[in-house]
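Structure below is coords13.csv: CSV, C-alpha atoms.
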```csv
chain,number,residue,atom,x,y,z
D,13,MET,CA,130.8,134.2,1.3
D,14,LYS,CA,127.5,132.6,0.1
D,15,LEU,CA,128.1,132.9,-3.6
D,16,ALA,CA,131.4,132.8,-5.5
D,17,ASP,CA,131.8,133.8,-9.1
D,18,ALA,CA,134.8,133.1,-11.3
D,19,THR,CA,136.7,136.2,-10.1
D,20,ALA,CA,136.4,135.2,-6.5
D,21,LEU,CA,137.3,131.6,-7.2
D,22,LYS,CA,140.3,132.7,-9.3
D,23,ALA,CA,141.6,134.7,-6.4
D,24,ALA,CA,141.1,131.6,-4.2
D,25,MET,CA,143.0,129.4,-6.6
D,26,ILE,CA,145.9,131.9,-6.7
D,27,ASN,CA,146.0,132.0,-2.9
D,28,ALA,CA,145.9,128.2,-2.8
D,29,SER,CA,148.7,128.0,-5.3
D,30,GLU,CA,150.8,130.4,-3.2
D,31,ALA,CA,150.2,128.2,-0.1
D,32,ILE,CA,151.4,125.1,-2.0
D,33,ILE,CA,154.5,126.9,-3.1
D,34,ALA,CA,155.3,128.1,0.4
D,35,ALA,CA,154.8,124.5,1.7
D,36,GLU,CA,157.5,123.1,-0.6
D,37,PRO,CA,160.4,122.9,1.9
D,38,GLU,CA,158.3,120.9,4.4
D,39,LEU,CA,156.8,118.6,1.7
D,40,THR,CA,160.3,118.0,0.3
D,41,ARG,CA,161.7,117.3,3.8
D,42,ILE,CA,159.1,114.7,4.6
D,43,ASP,CA,159.1,113.1,1.2
D,44,SER,CA,162.9,112.8,1.4
D,45,VAL,CA,162.5,110.5,4.4
D,46,ILE,CA,159.6,108.3,3.2
D,47,GLY,CA,159.7,108.7,-0.6
D,48,ASP,CA,162.0,109.8,-3.4
D,49,GLY,CA,162.0,113.5,-2.3
D,50,ASP,CA,160.4,115.0,-5.4
D,51,HIS,CA,156.8,115.7,-4.2
D,52,GLY,CA,157.5,119.2,-2.9
D,53,ILE,CA,159.4,120.3,-6.0
D,54,GLY,CA,156.7,118.8,-8.3
D,55,MET,CA,153.9,120.6,-6.4
D,56,LYS,CA,155.8,123.9,-6.4
D,57,THR,CA,156.6,123.6,-10.1
D,58,GLY,CA,153.0,122.8,-11.1
D,59,PHE,CA,151.3,125.4,-8.9
D,60,SER,CA,153.9,128.1,-9.8
D,61,VAL,CA,152.9,127.6,-13.5
D,62,LEU,CA,149.2,127.6,-12.5
D,63,ARG,CA,149.6,130.8,-10.5
D,64,GLU,CA,151.2,132.6,-13.4
D,65,LYS,CA,148.6,131.3,-15.8
D,66,LEU,CA,145.7,132.4,-13.6
D,67,THR,CA,147.2,135.8,-13.0
D,68,GLU,CA,147.5,136.4,-16.7
D,69,GLU,CA,144.1,135.1,-17.8
D,70,SER,CA,140.4,135.9,-17.1
D,71,PHE,CA,137.5,133.5,-16.9
D,72,ALA,CA,133.9,134.0,-17.5
D,73,THR,CA,132.6,131.0,-15.5
D,74,PRO,CA,133.8,128.7,-12.7
D,75,TYR,CA,133.8,125.9,-15.2
D,76,GLU,CA,136.3,127.7,-17.4
D,77,LEU,CA,138.5,128.4,-14.4
D,78,PHE,CA,138.7,124.9,-13.0
D,79,HIS,CA,138.9,123.3,-16.5
D,80,THR,CA,142.0,125.4,-17.2
D,81,SER,CA,143.4,124.8,-13.7
D,82,GLY,CA,143.0,121.0,-14.0
D,83,LEU,CA,144.6,120.7,-17.4
D,84,CYS,CA,147.4,123.0,-16.4
D,85,LEU,CA,148.3,120.8,-13.4
D,86,VAL,CA,148.2,117.6,-15.5
D,87,LYS,CA,150.4,119.1,-18.2
D,88,CYS,CA,152.8,121.2,-16.1
D,89,MET,CA,153.4,119.2,-12.9
D,90,GLY,CA,154.1,115.9,-14.3
D,91,GLY,CA,154.1,112.5,-12.5
D,92,SER,CA,151.2,111.0,-10.6
D,93,SER,CA,150.7,114.1,-8.5
D,94,GLY,CA,150.0,116.2,-11.6
D,95,VAL,CA,147.5,113.7,-12.8
D,96,LEU,CA,145.7,113.3,-9.5
D,97,PHE,CA,145.6,117.0,-8.5
D,98,GLY,CA,144.5,117.9,-12.0
D,99,THR,CA,141.8,115.2,-11.8
D,100,LEU,CA,140.5,116.7,-8.6
D,101,PHE,CA,139.4,119.7,-10.6
D,102,ILE,CA,138.6,118.1,-13.9
D,103,SER,CA,136.3,115.4,-12.5
D,104,GLY,CA,134.1,117.8,-10.7
D,105,LEU,CA,133.3,119.9,-13.8
D,106,GLU,CA,130.0,118.2,-14.6
D,107,ALA,CA,128.7,119.5,-11.3
D,108,ILE,CA,129.2,123.1,-12.2
D,109,LYS,CA,128.4,123.2,-15.9
D,110,ASP,CA,126.3,126.2,-16.9
D,111,LYS,CA,126.7,127.9,-13.5
D,112,ASP,CA,127.9,131.5,-13.4
D,113,VAL,CA,128.2,131.5,-9.6
D,114,LEU,CA,128.6,128.7,-7.1
D,115,ASN,CA,126.9,128.3,-3.7
D,116,ALA,CA,128.1,126.1,-0.9
D,117,SER,CA,126.2,123.1,-2.1
D,118,ASP,CA,127.7,123.5,-5.6
D,119,VAL,CA,131.2,123.6,-4.1
D,120,VAL,CA,130.6,120.4,-2.1
D,121,ASP,CA,129.2,118.7,-5.2
D,122,PHE,CA,132.2,119.8,-7.3
D,123,LEU,CA,134.8,118.6,-4.8
D,124,THR,CA,132.9,115.4,-4.0
D,125,LYS,CA,132.9,114.4,-7.7
D,126,GLY,CA,136.5,115.5,-7.9
D,127,ILE,CA,137.4,113.3,-5.0
D,128,GLN,CA,135.7,110.3,-6.6
D,129,GLY,CA,137.6,111.0,-9.8
D,130,VAL,CA,140.9,110.9,-7.9
D,131,ILE,CA,139.9,107.6,-6.3
D,132,ASN,CA,138.9,106.1,-9.6
D,133,ARG,CA,142.1,107.3,-11.3
D,134,GLY,CA,144.6,106.4,-8.6
D,135,ARG,CA,142.8,103.3,-7.3
D,136,ALA,CA,143.9,104.1,-3.7
D,137,LYS,CA,141.8,103.0,-0.8
D,138,PRO,CA,141.5,104.4,2.7
D,139,GLY,CA,144.5,103.4,4.7
D,140,ASP,CA,146.9,103.2,1.8
D,141,LYS,CA,148.6,106.3,3.1
D,142,THR,CA,147.9,108.6,0.1
D,143,MET,CA,146.1,111.9,-0.6
D,144,VAL,CA,142.8,109.9,-0.4
D,145,ASP,CA,143.3,109.6,3.3
D,146,ALA,CA,142.9,113.4,3.5
D,147,LEU,CA,140.3,113.8,0.8
D,148,LEU,CA,137.7,111.5,2.2
D,149,PRO,CA,137.7,113.0,5.7
D,150,ALA,CA,137.5,116.4,4.0
D,151,GLN,CA,134.5,115.3,2.1
D,152,THR,CA,132.8,114.0,5.2
D,153,ALA,CA,133.5,117.3,7.0
D,154,MET,CA,132.1,119.3,4.1
D,155,GLU,CA,128.9,117.3,4.0
D,156,LEU,CA,128.4,117.7,7.7
D,157,ALA,CA,129.2,121.5,7.7
D,158,LEU,CA,126.7,122.0,4.8
D,159,LYS,CA,123.9,121.0,7.2
D,160,SER,CA,124.5,124.0,9.4
D,161,THR,CA,126.0,126.7,7.1
D,162,ASP,CA,125.8,128.0,3.5
D,163,ASP,CA,129.0,130.0,3.8
D,164,ILE,CA,131.6,128.7,1.3
D,165,GLY,CA,134.5,129.7,3.4
D,166,GLN,CA,133.2,127.9,6.4
D,167,ILE,CA,132.6,124.8,4.3
D,168,LEU,CA,136.2,124.8,3.1
D,169,GLU,CA,137.5,125.5,6.5
D,170,ALA,CA,135.7,122.4,7.7
D,171,ALA,CA,137.2,120.5,4.7
D,172,GLU,CA,140.6,121.7,5.7
D,173,THR,CA,140.1,120.5,9.3
D,174,GLY,CA,138.9,117.1,8.0
D,175,ALA,CA,142.0,116.9,5.8
D,176,LEU,CA,144.3,117.7,8.7
D,177,ASN,CA,142.7,115.0,10.8
D,178,GLY,CA,143.4,112.7,7.8
D,179,VAL,CA,147.0,113.8,7.6
D,180,GLU,CA,147.5,113.0,11.3
D,181,ALA,CA,146.0,109.6,10.8
D,182,THR,CA,148.4,108.8,8.0
D,183,LYS,CA,151.3,108.8,10.5
D,184,ASN,CA,150.1,105.4,11.7
D,185,MET,CA,149.8,103.9,8.2
D,186,ALA,CA,152.3,102.0,6.2
D,187,PRO,CA,152.2,102.9,2.5
D,188,ARG,CA,150.8,100.3,0.1
D,189,LEU,CA,151.0,102.1,-3.2
D,190,GLY,CA,153.6,103.8,-5.4
D,191,ARG,CA,157.3,104.2,-4.7
D,192,SER,CA,156.7,105.0,-1.0
D,193,LYS,CA,155.6,101.3,-0.4
D,194,ASN,CA,159.4,100.6,-0.5
D,195,PHE,CA,159.7,102.6,2.8
D,196,ARG,CA,156.9,100.8,4.7
D,197,GLU,CA,158.5,100.6,8.2
D,198,GLN,CA,160.5,103.8,7.7
D,199,ALA,CA,157.3,105.7,6.9
D,200,LEU,CA,155.6,104.9,10.2
D,201,GLY,CA,155.3,108.0,12.3
D,202,TRP,CA,155.5,110.3,9.3
D,203,PRO,CA,152.5,111.9,7.6
D,204,ASP,CA,151.9,111.4,3.9
D,205,PRO,CA,153.1,114.3,1.7
D,206,GLY,CA,150.2,114.0,-0.7
D,207,ALA,CA,147.7,114.3,2.2
D,208,ILE,CA,149.5,117.3,3.5
D,209,SER,CA,149.3,118.9,0.1
D,210,VAL,CA,145.5,118.4,0.1
D,211,SER,CA,145.2,120.1,3.5
D,212,VAL,CA,147.3,123.1,2.3
D,213,LEU,CA,145.3,123.4,-0.9
D,214,LEU,CA,141.9,123.4,0.9
D,215,GLY,CA,143.3,125.8,3.5
D,216,GLY,CA,144.4,128.2,0.8
D,217,LEU,CA,141.0,128.1,-0.8
D,218,ALA,CA,139.2,128.6,2.5
D,219,ARG,CA,141.3,131.6,3.6
D,220,SER,CA,140.5,133.5,0.4
D,221,LEU,CA,136.8,132.7,0.3
```
Please, can you express the file's structure as structure tokens?
Amino acid sequence: MKLADATALKAAMINASEAIIAAEPELTRIDSVIGDGDHGIGMKTGFSVLREKLTEESFATPYELFHTSGLCLVKCMGGSSGVLFGTLFISGLEAIKDKDVLNASDVVDFLTKGIQGVINRGRAKPGDKTMVDALLPAQTAMELALKSTDDIGQILEAAETGALNGVEATKNMAPRLGRSKNFREQALGWPDPGAISVSVLLGGLARSL
């Protein structure tokens, strides 16, 4: 798909929400080992509410869709995950203001600004074993893919692959932020749940578009 309007992007967000919901058991299993075990439940709760809201409402522009989505996650998911995943969508809004449809470059700009917003809000750095360790490789992969394709789905597939590489890399990292830093040695060998959630989200978007 070379251009995506609010209807196509809404379908993609619903698909991504369903992918997050389906991933809850695995997210909970991993977070129970290296965290407090609530990441999967929190993600499922927030994206379940989002799926219902998106199903019931219509949106005239991508801006309206992602603004509503970001605010919903912040309000309904709770905790740091709600704030950070909501920020991913809210911080990118300036890049798509006044656009009725998005092309591949718009999507990359939107997500790049969203990723920077997450970094600014969470203050995580590469190697801290957080969702940032999936977001930054996803951004790099998107930017590289944009040089050879203008297909939004392919751009997002590249982002998913980058995120999955980041997930794999987190297995060798000891957490340095949040509650998981209390499980430093225990966390070695396990991927970061937040990073996994990023890869699932991007994969859900890609598969729909």
I need the residue nearest Thr19 (chain D) from this list: D:Leu221, D:Ala136, D:Gly90, D:Thr40. Use only C-alpha atoms for the distance.
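Closest residue, counting only C-alpha atoms: D:Leu221.
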May I have the residues within 12 Å of Asp50 (chain D) as a list in words, using only C-alpha atoms and disregarding those fewer than 6 positions away in the same chain?
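Contacts, with the query itself left out: Glu36, Pro37, Glu38, Leu39, Thr40, Arg41, Ile42, Asp43, Ser44, Lys56, Thr57, Met89, Gly90, Gly91, Ser92, Ser93, Arg191, Ser192, Pro205 and Gly206 of chain D.
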Separation of CA of Ala150 (chain D) and CA of Thr124 (chain D), in Å?
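The value is 9.3 Å.
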At a cut-off of 9 Å from (141.5, 108.4, -12.8) in the coordinates of the file, what residues are picked up using all atoms listed in the file, written as a PyMOL selection string?
chain D and resi 95-96+99+103+128-135
Serialized selection, C-alpha atoms, as a compact mmCIF listing (two decimals), in the frame of the given file:
```
# COMPACT_ATOMS: atom_id res chain seq x y z
CA VAL D 95 147.50 113.70 -12.80
CA LEU D 96 145.70 113.30 -9.50
CA THR D 99 141.80 115.20 -11.80
CA SER D 103 136.30 115.40 -12.50
CA GLN D 128 135.70 110.30 -6.60
CA GLY D 129 137.60 111.00 -9.80
CA VAL D 130 140.90 110.90 -7.90
CA ILE D 131 139.90 107.60 -6.30
CA ASN D 132 138.90 106.10 -9.60
CA ARG D 133 142.10 107.30 -11.30
CA GLY D 134 144.60 106.40 -8.60
CA ARG D 135 142.80 103.30 -7.30
```
Calculate how many Å separate CA of Lys14 (chain D) from CA of Ala170 (chain D), rounding to one decimal.
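Interatomic distance, CA of Lys14 (chain D) to CA of Ala170 (chain D): 15.1 Å.
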Close residues, Ser60 (chain D) itself excluded, 12 Å, all atoms listed in the file, min 4 positions apart in chain, as number ranges by chain
D: 25-34, 36, 52-56, 64-67, 81, 84-85, 88-89
Between CA of Ser220 (chain D) and CA of Trp202 (chain D), measure the distance and give it in Å to one decimal.
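Interatomic distance here is 29.0 Å.
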Could the residues of region 118-150 of chain D that have an atom at most 12 Å from region 197-201 of chain D be listed as a Markdown table, each with its closest atom pair and the distance in Å to one decimal, counting all atoms listed in the file and ordered by chain and ascending residue number?
```
| residue | atom | partner | partner_atom | distance |
| --- | --- | --- | --- | --- |
| D:Asp140 | CA | D:Ala199 | CA | 11.8 |
| D:Lys141 | CA | D:Ala199 | CA | 9.5 |
| D:Thr142 | CA | D:Ala199 | CA | 12.0 |
```
I need the residue nearest Val113 (chain D) from this list: D:Gln166, D:Met13, D:Ala35, D:His51. Use only C-alpha atoms for the distance.
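Of D:Gln166, D:Met13, D:Ala35, D:His51, the one nearest Val113 (chain D), counting only C-alpha atoms, is D:Met13.
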Closest of D:Pro187, D:Gly58, D:Gly139, D:Pro74 to Asp17 (chain D) - atom-to-atom distances counting all atoms listed in the file:
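Among the listed residues, D:Pro74 lies closest to Asp17 (chain D).
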Neighbourhood query: residues within 12 Å of (135.8, 115.0, -5.7), file coordinates, counting only C-alpha atoms; return as an MDAnalysis selection string.
chainID D and resid 96:107 118:133 143:144 146:152 154 171 210
Just want the 12 Å neighbourhood of Ala72 (chain D), counted on all atoms listed in the file, with same-chain residues fewer than 4 positions away dropped. Output as a list in words.
Asp17, Ala18, Thr19, Ala20, Leu21, Lys22, Glu76, Leu77, Phe78, His79, Thr80, Asp110, Lys111, Asp112 and Val113 of chain D
For Gly215 (chain D), the nearest of the candidates D:Ile108, D:Ala181, D:Thr161, D:Ala24, counting all atoms listed in the file
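Nearest to Gly215 (chain D): D:Ala24.
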Using all atoms listed in the file, which of D:Gly49, D:Ser70, D:Ala175, D:Val61 sits nearest Ala23 (chain D)?
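Using all atoms listed in the file, Ala23 (chain D) sits closest to D:Ser70.
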